[in-house]
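Student: Before I ask anything, let me first share the structure, which is written out below as structure tokens.
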Amino acid sequence: MTGASVLDAPRRPDADRGFGRSGAGSPFVRLLARRLLMAIPLLLAVSVLVFLLLELMPGDPARNQAGMDASEEQVEAVRRRMGLDKSPVERYFGWLFGIFRGDLGRSSVSGQSVVDMLGDRAPVTLELVTLAFAVSLLIAIPVALMAARRPGGIFDRTVMVVSMTMLAVPNYVLAMLLVLVFAIMLRMLPAIGFVPLEEGLLPNLRSVLLPVLALAVPLAAFYTRFLRGDLVEQMNAADYIDTARAKGVGPWLVLWLHAFRNSSFGLLTIVGLNIGTLVGGTVIIEQIFAMPGMGMMMLEGAMSRDVAVVQMCVFVFAAVAILANLFVDLMYAVLDPRIRYGSH
Amino acid sequence: MAVTEAPAAAVVAVPAPDVLDPERGSLRWAGIRRRLVLGIPLGFVALLILACFVGPLVLPLHPPVGGDILNSALPPGSPSHPLGTDINGNDVLSRLLHGGQSSLLVAISVNLIGLVVGGGIGALSGYAGGWVDNVIMRVLDVFIAFPSLVLTIAIAQALGPSLPNTILALTAFSIPAVARVARSATLRIKTMPFVQAAELSGSPAWRILLRHIAPNITPQMLNFAMLGMGIVIVTEGALSFLGLGIPAPNPSWGNMIYEGQQSMSATPLLVLWPSLALLATVLSFNLLGENIRDEMSGR
Amino acid sequence: MNSNPRRPGTRRRLYGAAAITLTAGLVLSGCGSAGEPAENAADAAQAEPQAGGDLTVLMDAGFGGGWSTGLDPATSNTVGANLGQNAAIFGGLFTLEADEEGKDAQIVPNQAESFEYAEDGKSVTIKIREGITFTDGTPMDAQAVLWNWIRHLSAGSTGAPRIALDMTREAPELDQQFLDDLYASLPDDVDKKLVEQRLGALEVVDDQTLTIHFADPNGAFVNTMPSTNMNLIGSPTAYKELGAEEFSRTPVAAGPFKVVQNSLSEKLTLEKNEDYFKEGLPYLDDLTFQSVAGDQVAYQTLQAGQGDAIEGLSAVALITQAQNNPDLTTTLGAPTSPYVIQLNTRQEPFDDKRAREAIYYATDFEAINEGLFQGQGDMSQSFTASGGLFHQPEVEGYRTHDPEKARQIVEELGGLTVNLGTTDIVTARSVTTALQTQWAEAGIDVEIEAQPLGDVITKFTSGEWESMLQTAGAWEPAAGIGVSVRFGSSSPFSGTPLPDGAANATEAFNQGLTTELDDVLAEAVGTVDEQERGQYYQEAAKLISDEAYGPFGFAFSPAQVVREGVHGPGLTTPIPALTVNSTVLYDRVWVEQ
């Protein structure tokens with residue numbers, strides 16, 4: 001990993017931090033360019049990894065497909081149809097070159113073009129994830145700020161208890177409870193199904209509200225706790241906060257301008273982490289609410305070794321995660337000038 | 001953490017004990033309260049671990065598997081089955097305690113490994129900067145970018161669902177996450193005056209890491225790890241939802257919840273007990289984590 | 001998704017914010033649904049059908065609610081599971097119908113007008129009803145049926161029946177256009193010789209009549225038809241126009257409904273076929289099939305008023321819950337497929353007959369029936385059940401539960417260790433767990449292996465298995481996962497001994513070697529006389545029992561659950577399951593307005 005020399009040498013405070021030297025070119029642009037360039041081999045590496053994993057999975061998807069009472073002949077026919085009679089190398093490169101030609105492939109199960117499938121399903125997952133992300137932050141940030149204002153106070157304690165509860169509940173149990181209360185008992189919201197935007201904004205929002213809540217609430221709980229903890233720690237430990245207070249700056253301002261700014265690092269980090277897993281982790285929620293999204297598409301594809309489908313889903317998820325993390329890193333630089341310019 | 005109302009500023013800080021007048025009664029109360037607030041979750045965690053690991057050895061419990069099918073789905077309060085039985089006729093209380101063993105084992109292992117390995121990598125990466133940082137971060141990026149679901153399915157299907165494999169699969173996600181948090185904390189810390197002072201005085205990097213960086217990021221890491229306890233237990237349940245994780249019929253809280261919710265409208269209590277156990281556990285660990293963090297950083 | 005009007009039904013009291021917390025919510029869900037058992041099944045039978053309205057049917061994504069390979073019966077691999085969708089879109093040449101109590105089930109010609117076996121049973125003549133048109137206006141005539149049948153047999157679908165056609169007949173002179181269209185609809189690599197032989201075996205007698213020629217007498221064929229894709233006839237003209245992919249998404253046929261929109265394995269929207277050949281039918285204006293993730297989600301959705309019916313609810317706890325719910329009507333299926341523990345006689349430990357006997361004595365399916373299914377399963381000592389043909393609950397000389405004897409034998413053997421496999425479904429796992437406990441009492445050491453269906457199949461075909469919990473039989477024992485699949489010597493899924501002189505199953509098949517059981521099963525298919533068939537199956541059951549090839553258990557058929565006001569054959573009156581699930585006759589389903 002690292003040579004001994006790098007670690008043992010006494011550190012110079014203004015050593016290059018890898019974020020750009022003063023001088024040639026804006027540090028942002030260089031960072032952006034470099035990271036985007038690195039994204040390509042990264043995505044390729046991910047695609048190879050996916051392919052290998054799919055190959056390693058035991059079982060015969062052709063036989064799976066064909067079912068119990070299929071004859072050998074029928075299984076072979078299914079195998080041919082799924083393209084599984086070709087060698088793994090052939091299949092991978094066949095897929096890869098197809099991508100360059102612009103042919104994203106077809107599902108080996110249904111024969112549908114992957115582009116069409118994505119077109120149907122990506123908006124669903126995208127909407128779920130975006131709304132969940134937004135809602136979770138919309139809840140977490142204000143609540144954490146208010147709680148950190150008076151650590152140990154009633155509001156803080158309530159927040160702690162409630163967020164703890166929400167964290168401990170698996171999101172599918174929460175989903176079922178939400179359905180129980182809002183769909184069955186109160187009949188206010190639908191239990192399943194996705195209403196596309198074309199059919200109206202309100203019906204669409206009604207159909208995604210429960211799944212979004214099921215996704216967002218545990219996240220919000222996590223962010224709230226983390227942020228609140230970090231804020232309180234900030235306020236206890238940091239010199240500049242005491243300085244600010246000594247200067248007579250009000251507590252809210254202290255919180256917002258200083259403590260939050262620093263805590264946002266940590267928050268950004270975990271949010272960035274979560275975007276990647278959030279996108280792939282909507283499967284269970286999509287299942288429960290019968291949302292025709294990419295999570296289900298990927299799961300079914302993985303189970304039947306539908307290479308084209310899984311690769312495309314993984315590609316999209318990976319791209320989203322990479323972009324999200326890139327954004328996080330950029331935000332680091334924005335938020336802390338010390339990192340941006342490598343000096344203090 | 002003790003709360004004292006400072007006269008002027010409404011924002012509360014935790015003053016060090018020597019700041020307050022030892023003769024004031026409020027200090028004694030603050031001290032007792034602090035001990036209680038730390039003690040209760042600690043006590044509960046201890047109780048939990050005792051119940052799950054020692055309980056089955058000393059209590060006259062039914063075995064958690066191999067129950068008589070004729071005793072299927074007995075309600076709580078049935079003779080010799082205080083919490084009833086599940087659909088296979090197994091005693092719920094026994095499954096709860098044995099399941100706790102599995103769930104706790106997984107959670108503790110994963111978080112410990114994650115903390116040590118992930119924290120180490122992250123701190124190293126953040127401190128070293130430059131190409132070291134870049135390389136490590138890119139490698140971690142692959143794991144973070146990789147949809148966990150496919151990896152999990154692949155691991156579980158290829159290796160077979162089992163306790164060790166579950167731990168393996170979950171650390172694969174824990175480590176990069178912890179590493180990232182450690183790195184971001186390190187980035188913040190390393191520009192601080194005392195770190196730079198140490199650098200200027202010629203301390204070697206490894207020493208700085210151990211003596212200055214590590215203790216300062218530990219509170220945040222511990223907090224994260226304690227939060228992670230709950231998340232890991234819940235994620236183990238999610239793995240069960242996909243048919244992976246701890247294999248049936250051996251219980252874990254996660255797969256008990258999964259089995260129960262398959263007919264939740266008919267057997268809600270089978271979901272309730274493990275959920276409550278989970279809740280209590282997560283609560284305790286989180287409180288514990290935050291109190292430890294507050295203790296260590298409250299100055 | 002259509003907006004759903006408020007459903008009539010009991011109002012639930014508002015529990016407010018308290019219900020949101022974990023504890024309150026869960027406890028209340030248990031309390032809220034207790035009630036009086038529904039008594040309205042009898043009333044339902046009396047009411048007069050009304051036209052109009054729509055119905056949403058919920059199906060388990062893992063079974064009927066999965067149609068990812070499309071709805072073209074020639075290429076779909078889920079024909080056996082998608083009975084509901086197929087019944088709605090295609091109708092079917094024949095249907096299985098029963099009386100109001102699910103008894104006296106028989107095959108009824110539906111789009112076919114009649115059928116007649118030849119004296120020697122080596123052929124059957126099927127006459128198609130006159131005047132039936134597909135929804136695109138083209139006629140359903142013998143040519144169209146032929147086109148369909150060739151495709152069904154040759155395009156690779158696993159819903160094709162495995163019948164031995166008479167391949168020695170000459171293919172007749174057929175219209176070149178017809179042949180071109182036919183080959184265009186088949187895969188490029190299809191074996192043309194086979195197709196020609198099939199064209200010979202499927203003879204078009206006149207515009208409305210076809211005769212199928214078999215290689216050997218086959219008296220079970222028509223009985224098995226509704227469980228195969230040959231029962232489903234689509235429009236060749238539409239196929240030509242739409243192309244393979246489009247046709248697979250939105251097939252054009254002559255059933256009571258036509259496809260409006262199809263989201264594979266997710267939602268299928270259908271509307272009434274105004275030109276349906278039965279006057280006044282279907283009753284419904286719109287029909288939607290919605291796929292959901294399992295029984296619990298289906299039940300919740302029904303309770304929430306978003307679905308009107310659940311096809312095939314199999315979780316016993318939920319069925320009981322539904323039965324106790326006064327707002328719902330629950331109809332248990334007429335069971336046709338008992339559990340069986342197949343024992344592999346071709347390797348240890350079950351090559352020893354005593355070991356197999358020990359299993360019989362150690363097994364108490366009665367107790368499992370009581371404990372898991374509240375006694376609602378239908379006990380059987382053979383592969384037949386009360387809902388199916390040739391029902392024989394008891395077999396002479398069957399070894400019943402006797403733990404003492406079991407223990408004795410195990411002692412004699414010096415111990416017994418068994419690997420018991422099954423498909424990874426909740427119910428199956430519960431049953432194997434119970435068996436494990438029972439066998440342990442006799443001193444038998446059991447290791448359970450519950451695997452996904454694909455892996456189970458692999459295990460079977462590799463021959464590396466000791467015992468397997470499966471289900472055997474169907475309404476027609478020769479259909480679906482029939483008896484010969486489980487007990488015939490040349491089946492890859494069988495554990496019965498190989499015939500003398502054959503080293504493996506393939507050899508046995510190729511050389512035409514058979515065991516006594518094979519012969520009996522072949523005879524049972526090879527005659528048209530119902531009585532004779534029954535006798536042969538009795539013989540088969542006795543053979544299996546005497547040789548201890550595998551103990552049978554009980555048969556339990558999934559339930560249909562509907563909200564108040566929904567009625568129909570297969571939904572509120574039971575129809576035996578052809579293979580696994582009941583077929584609902586959607587043209588006669590109606591809702592109260």
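Quick note on naming: the chains in the structure tokens go A, B, ... in the order shown, residues restart at 1 in each chain, and ligands are numbered from 1 in order of appearance.
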Counting only C-alpha atoms, which residues of chain B come no farther than 8 Å from chain C, as a VMD selection string?
Tutor: chain B and resid 66 to 72 87 to 88 249 261 to 269 271 to 272 276
Student: May I have the selected residues written with N, CA and C atoms, as an mmCIF file, in the first residue's frame?
Tutor:
```cif
data_model
loop_
_atom_site.group_PDB
_atom_site.id
_atom_site.type_symbol
_atom_site.label_atom_id
_atom_site.label_comp_id
_atom_site.auth_asym_id
_atom_site.auth_seq_id
_atom_site.Cartn_x
_atom_site.Cartn_y
_atom_site.Cartn_z
ATOM 1 N N GLY B 66 -36.645 -27.997 16.455
ATOM 2 C CA GLY B 66 -37.104 -29.358 16.693
ATOM 3 C C GLY B 66 -38.346 -29.440 17.545
ATOM 4 N N GLY B 67 -39.179 -28.405 17.493
ATOM 5 C CA GLY B 67 -40.399 -28.430 18.304
ATOM 6 C C GLY B 67 -41.438 -29.366 17.722
ATOM 7 N N ASP B 68 -42.420 -29.694 18.546
ATOM 8 C CA ASP B 68 -43.482 -30.595 18.127
ATOM 9 C C ASP B 68 -44.509 -29.827 17.312
ATOM 10 N N ILE B 69 -44.764 -30.315 16.126
ATOM 11 C CA ILE B 69 -45.654 -29.605 15.211
ATOM 12 C C ILE B 69 -47.065 -29.467 15.777
ATOM 13 N N LEU B 70 -47.415 -30.347 16.711
ATOM 14 C CA LEU B 70 -48.756 -30.255 17.280
ATOM 15 C C LEU B 70 -48.903 -29.016 18.154
ATOM 16 N N ASN B 71 -47.777 -28.427 18.545
ATOM 17 C CA ASN B 71 -47.828 -27.230 19.374
ATOM 18 C C ASN B 71 -47.750 -25.970 18.535
ATOM 19 N N SER B 72 -48.088 -26.080 17.274
ATOM 20 C CA SER B 72 -47.925 -24.956 16.377
ATOM 21 C C SER B 72 -48.735 -23.740 16.818
ATOM 22 N N ILE B 87 -44.959 -21.162 14.209
ATOM 23 C CA ILE B 87 -45.780 -22.119 13.452
ATOM 24 C C ILE B 87 -45.202 -23.524 13.420
ATOM 25 N N ASN B 88 -43.909 -23.669 13.732
ATOM 26 C CA ASN B 88 -43.348 -25.013 13.760
ATOM 27 C C ASN B 88 -43.428 -25.654 15.135
ATOM 28 N N PRO B 249 -33.480 -23.672 10.251
ATOM 29 C CA PRO B 249 -34.377 -23.235 11.308
ATOM 30 C C PRO B 249 -33.691 -22.500 12.457
ATOM 31 N N GLN B 261 -43.366 -11.936 9.645
ATOM 32 C CA GLN B 261 -44.095 -10.983 8.815
ATOM 33 C C GLN B 261 -44.678 -11.627 7.572
ATOM 34 N N GLN B 262 -44.295 -12.855 7.277
ATOM 35 C CA GLN B 262 -44.888 -13.517 6.116
ATOM 36 C C GLN B 262 -46.369 -13.787 6.319
ATOM 37 N N SER B 263 -46.788 -13.844 7.558
ATOM 38 C CA SER B 263 -48.225 -13.958 7.798
ATOM 39 C C SER B 263 -48.577 -12.995 8.913
ATOM 40 N N MET B 264 -48.069 -11.746 8.792
ATOM 41 C CA MET B 264 -48.171 -10.787 9.883
ATOM 42 C C MET B 264 -49.608 -10.505 10.288
ATOM 43 N N SER B 265 -50.519 -10.509 9.321
ATOM 44 C CA SER B 265 -51.906 -10.246 9.676
ATOM 45 C C SER B 265 -52.435 -11.309 10.626
ATOM 46 N N ALA B 266 -51.867 -12.500 10.543
ATOM 47 C CA ALA B 266 -52.360 -13.587 11.389
ATOM 48 C C ALA B 266 -51.506 -13.769 12.633
ATOM 49 N N THR B 267 -50.224 -13.476 12.536
ATOM 50 C CA THR B 267 -49.319 -13.740 13.660
ATOM 51 C C THR B 267 -48.482 -12.514 13.987
ATOM 52 N N PRO B 268 -49.126 -11.400 14.338
ATOM 53 C CA PRO B 268 -48.350 -10.182 14.580
ATOM 54 C C PRO B 268 -47.379 -10.298 15.744
ATOM 55 N N LEU B 269 -47.725 -11.129 16.743
ATOM 56 C CA LEU B 269 -46.855 -11.224 17.909
ATOM 57 C C LEU B 269 -45.504 -11.830 17.554
ATOM 58 N N VAL B 271 -43.804 -11.161 15.130
ATOM 59 C CA VAL B 271 -42.962 -10.055 14.673
ATOM 60 C C VAL B 271 -42.641 -9.132 15.845
ATOM 61 N N LEU B 272 -43.590 -9.029 16.770
ATOM 62 C CA LEU B 272 -43.441 -8.087 17.872
ATOM 63 C C LEU B 272 -42.263 -8.420 18.774
ATOM 64 N N LEU B 276 -39.162 -5.980 19.438
ATOM 65 C CA LEU B 276 -38.926 -5.330 20.729
ATOM 66 C C LEU B 276 -37.512 -5.599 21.220
#
```
Student: Listing only residues of segment 36-137 of chain C within 10 Å of segment 473-488 of chain C, what is the closest atom pair and its distance in Å (to one decimal) for each, using only C-alpha atoms, sorted by chain and residue number ascending, as JSON lines?
Tutor:
```
{"residue": "C:Gly80", "atom": "CA", "partner": "C:Gly480", "partner_atom": "CA", "distance": 8.4}
{"residue": "C:Leu96", "atom": "CA", "partner": "C:Trp475", "partner_atom": "CA", "distance": 9.6}
{"residue": "C:Ala105", "atom": "CA", "partner": "C:Trp475", "partner_atom": "CA", "distance": 9.0}
{"residue": "C:Gln106", "atom": "CA", "partner": "C:Trp475", "partner_atom": "CA", "distance": 9.7}
```
Student: Could you dump the residues just selected with N, CA, C and O atoms as an mmCIF file, in the first residue's frame?
Tutor:
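Okay, this is what ended up in selection_17.cif:
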```cif
data_model
loop_
_atom_site.group_PDB
_atom_site.id
_atom_site.type_symbol
_atom_site.label_atom_id
_atom_site.label_comp_id
_atom_site.auth_asym_id
_atom_site.auth_seq_id
_atom_site.Cartn_x
_atom_site.Cartn_y
_atom_site.Cartn_z
ATOM 1 N N GLY C 80 -48.215 -23.074 -16.906
ATOM 2 C CA GLY C 80 -48.880 -23.804 -15.839
ATOM 3 C C GLY C 80 -49.237 -22.939 -14.646
ATOM 4 O O GLY C 80 -50.151 -23.239 -13.897
ATOM 5 N N LEU C 96 -61.980 -27.285 -17.163
ATOM 6 C CA LEU C 96 -62.318 -28.199 -16.088
ATOM 7 C C LEU C 96 -63.386 -27.527 -15.246
ATOM 8 O O LEU C 96 -63.179 -26.434 -14.737
ATOM 9 N N ALA C 105 -66.071 -33.193 -10.926
ATOM 10 C CA ALA C 105 -65.333 -32.370 -11.885
ATOM 11 C C ALA C 105 -65.188 -33.139 -13.184
ATOM 12 O O ALA C 105 -64.948 -34.345 -13.193
ATOM 13 N N GLN C 106 -65.362 -32.415 -14.273
ATOM 14 C CA GLN C 106 -65.104 -33.051 -15.564
ATOM 15 C C GLN C 106 -64.622 -32.046 -16.594
ATOM 16 O O GLN C 106 -64.799 -30.853 -16.444
#
```
Student: Here is a test: counting only C-alpha atoms, which residue of A:Phe182, A:Phe317, A:Tyr332, A:Phe265 is nearest to chain C?
Tutor: A:Phe182
Student: So what do you get for atom CA of Ser125 of chain B versus atom CA of Met137 of chain B, distance-wise?
Tutor: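 One can read the atom CA of Ser125 of chain B to atom CA of Met137 of chain B distance as 7.6 Å.
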Student: Can you tell me, as a PyMOL selection string, what residues are no more than 12 Å from Ile275 of chain A when counting only C-alpha atoms, ignoring any on the same chain fewer than 2 positions away?
Tutor: (chain A and resi 126+128-134+136+215-216+219+268-273+277-282+317-328) or (chain B and resi 144-148+177)
Student: Show which residues sit within 8 Å of Met164 of chain A, as a PyMOL selection string. Count only C-alpha atoms, and ignore same-chain residues fewer than 6 positions away.
Tutor: (chain A and resi 221) or (chain B and resi 279+282-283+286)
Student: List the spatial neighbours of Ala184 of chain C as a PDB file with all heavy atoms, in the first residue's frame - criterion: any atom at most 10 Å away, only C-alpha atoms, same-chain residues fewer than 4 positions off excluded.
Tutor:
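Ended up saving to result32.pdb:
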```
ATOM      1  N   PHE C 178     -49.438 -20.856 -45.802  1.00  0.00           N
ATOM      2  CA  PHE C 178     -49.571 -21.341 -44.438  1.00  0.00           C
ATOM      3  C   PHE C 178     -48.236 -21.838 -43.908  1.00  0.00           C
ATOM      4  O   PHE C 178     -47.824 -21.507 -42.802  1.00  0.00           O
ATOM      5  CB  PHE C 178     -50.620 -22.455 -44.396  1.00  0.00           C
ATOM      6  CG  PHE C 178     -50.751 -23.113 -43.048  1.00  0.00           C
ATOM      7  CD1 PHE C 178     -51.485 -22.518 -42.032  1.00  0.00           C
ATOM      8  CD2 PHE C 178     -50.128 -24.338 -42.788  1.00  0.00           C
ATOM      9  CE1 PHE C 178     -51.594 -23.120 -40.792  1.00  0.00           C
ATOM     10  CE2 PHE C 178     -50.244 -24.948 -41.539  1.00  0.00           C
ATOM     11  CZ  PHE C 178     -50.978 -24.329 -40.544  1.00  0.00           C
ATOM     12  N   LEU C 179     -47.553 -22.622 -44.722  1.00  0.00           N
ATOM     13  CA  LEU C 179     -46.270 -23.175 -44.302  1.00  0.00           C
ATOM     14  C   LEU C 179     -45.240 -22.063 -44.066  1.00  0.00           C
ATOM     15  O   LEU C 179     -44.488 -22.097 -43.098  1.00  0.00           O
ATOM     16  CB  LEU C 179     -45.744 -24.180 -45.341  1.00  0.00           C
ATOM     17  CG  LEU C 179     -46.424 -25.545 -45.298  1.00  0.00           C
ATOM     18  CD1 LEU C 179     -45.989 -26.394 -46.470  1.00  0.00           C
ATOM     19  CD2 LEU C 179     -46.115 -26.253 -43.994  1.00  0.00           C
ATOM     20  N   ASP C 180     -45.231 -21.101 -44.955  1.00  0.00           N
ATOM     21  CA  ASP C 180     -44.281 -19.986 -44.781  1.00  0.00           C
ATOM     22  C   ASP C 180     -44.527 -19.271 -43.460  1.00  0.00           C
ATOM     23  O   ASP C 180     -43.598 -19.005 -42.706  1.00  0.00           O
ATOM     24  CB  ASP C 180     -44.419 -18.982 -45.933  1.00  0.00           C
ATOM     25  CG  ASP C 180     -43.848 -19.536 -47.229  1.00  0.00           C
ATOM     26  OD1 ASP C 180     -43.042 -20.484 -47.147  1.00  0.00           O
ATOM     27  OD2 ASP C 180     -44.213 -19.015 -48.294  1.00  0.00           O
ATOM     28  N   ASP C 188     -35.457 -20.175 -35.588  1.00  0.00           N
ATOM     29  CA  ASP C 188     -34.673 -20.463 -36.793  1.00  0.00           C
ATOM     30  C   ASP C 188     -34.069 -21.852 -36.783  1.00  0.00           C
ATOM     31  O   ASP C 188     -33.920 -22.486 -37.816  1.00  0.00           O
ATOM     32  CB  ASP C 188     -33.530 -19.436 -36.923  1.00  0.00           C
ATOM     33  CG  ASP C 188     -34.092 -18.061 -37.178  1.00  0.00           C
ATOM     34  OD1 ASP C 188     -35.148 -17.987 -37.818  1.00  0.00           O
ATOM     35  OD2 ASP C 188     -33.486 -17.072 -36.716  1.00  0.00           O
ATOM     36  N   LYS C 240     -48.705 -12.604 -37.145  1.00  0.00           N
ATOM     37  CA  LYS C 240     -47.975 -12.152 -38.340  1.00  0.00           C
ATOM     38  C   LYS C 240     -47.855 -10.634 -38.324  1.00  0.00           C
ATOM     39  O   LYS C 240     -46.810 -10.060 -38.630  1.00  0.00           O
ATOM     40  CB  LYS C 240     -48.752 -12.602 -39.579  1.00  0.00           C
ATOM     41  CG  LYS C 240     -47.930 -12.650 -40.835  1.00  0.00           C
ATOM     42  CD  LYS C 240     -48.685 -13.404 -41.916  1.00  0.00           C
ATOM     43  CE  LYS C 240     -48.133 -12.981 -43.289  1.00  0.00           C
ATOM     44  NZ  LYS C 240     -48.963 -13.448 -44.386  1.00  0.00           N
ATOM     45  N   GLY C 243     -45.802  -9.493 -34.791  1.00  0.00           N
ATOM     46  CA  GLY C 243     -44.441  -9.971 -34.565  1.00  0.00           C
ATOM     47  C   GLY C 243     -44.345 -10.649 -33.203  1.00  0.00           C
ATOM     48  O   GLY C 243     -45.213 -10.477 -32.344  1.00  0.00           O
ATOM     49  N   ALA C 244     -43.266 -11.390 -33.030  1.00  0.00           N
ATOM     50  CA  ALA C 244     -43.140 -12.258 -31.860  1.00  0.00           C
ATOM     51  C   ALA C 244     -43.204 -11.496 -30.541  1.00  0.00           C
ATOM     52  O   ALA C 244     -43.946 -11.862 -29.631  1.00  0.00           O
ATOM     53  CB  ALA C 244     -41.854 -13.058 -31.947  1.00  0.00           C
TER      54      ALA C 244
END
```
Student: Between A:Ala33, A:Gln112, A:Met117, A:Arg305, which one has atoms that come closest to Glu246 of chain C, using only C-alpha atoms?
Tutor: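 Under the stated criterion, the closest residue is A:Gln112.
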Student: For atom CA of Val561 of chain C and atom CA of Ser227 of chain C, determine how far apart the two atoms are, in Å to one decimal place.
Tutor: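 Spanning atom CA of Val561 of chain C to atom CA of Ser227 of chain C is a straight-line distance of 22.5 Å.
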Student: Could you pull the residues within 7 Å of Ala179 of chain B, counting only C-alpha atoms, minus those fewer than 6 positions along the same chain, as a PDB file with C-alpha atoms, in the first residue's frame?
Tutor:
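Saved to out35.pdb:
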```pdb
ATOM      1  CA  GLY B 118     -12.089   0.422   8.298  1.00  0.00           C
ATOM      2  CA  GLY B 119     -11.095   3.029  10.794  1.00  0.00           C
ATOM      3  CA  ILE B 121      -7.661   2.438   6.529  1.00  0.00           C
ATOM      4  CA  GLY B 122      -9.657   5.628   6.604  1.00  0.00           C
TER       5      GLY B 122
END
```
Student: For a quick check of understanding, using only C-alpha atoms, which of A:Glu72, A:Asp85, A:Glu55, A:Asp116 has the smallest distance to chain B?
Tutor: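 For chain B, the nearest of the candidates is A:Glu55.
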Student: Check the DSSP output for the backbone and give back, as a ChimeraX atom specification, the residues of segment 111-262 of chain A in alpha helix (DSSP H).
Tutor: /A:114-149,154-168,171-178,201-237,239-246,251-253,260-262
Student: Measuring atom to atom with only C-alpha atoms, identify which of C:Met167, C:Ala81, C:Leu194, C:Ile233 is nearest to Ala253 of chain C.
Tutor: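 Of C:Met167, C:Ala81, C:Leu194, C:Ile233, the one nearest Ala253 of chain C, counting only C-alpha atoms, is C:Ile233.
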Student: Show which residues sit within 6 Å of segment 328-337 of chain C, as a list in words. Count only C-alpha atoms, and ignore same-chain residues fewer than 2 positions away.
Tutor: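 Residues near the query, excluding close chain neighbours: Gln323, Asn325, Pro326, Ala385, Gly387, Gly388, Thr471, Ala472, Gly473, Ala474, Trp475, Ala555, Phe556, Ser557, Pro558, Ala559, Gln560, Val561, Val562, Arg563, Glu564, Thr572, Pro574 and Pro576 of chain C.
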Student: Taking only segment 211-276 of chain C into account, list the residues labelled strand (DSSP E) by DSSP (computed from the backbone), as a count of residues only.
Tutor: 16
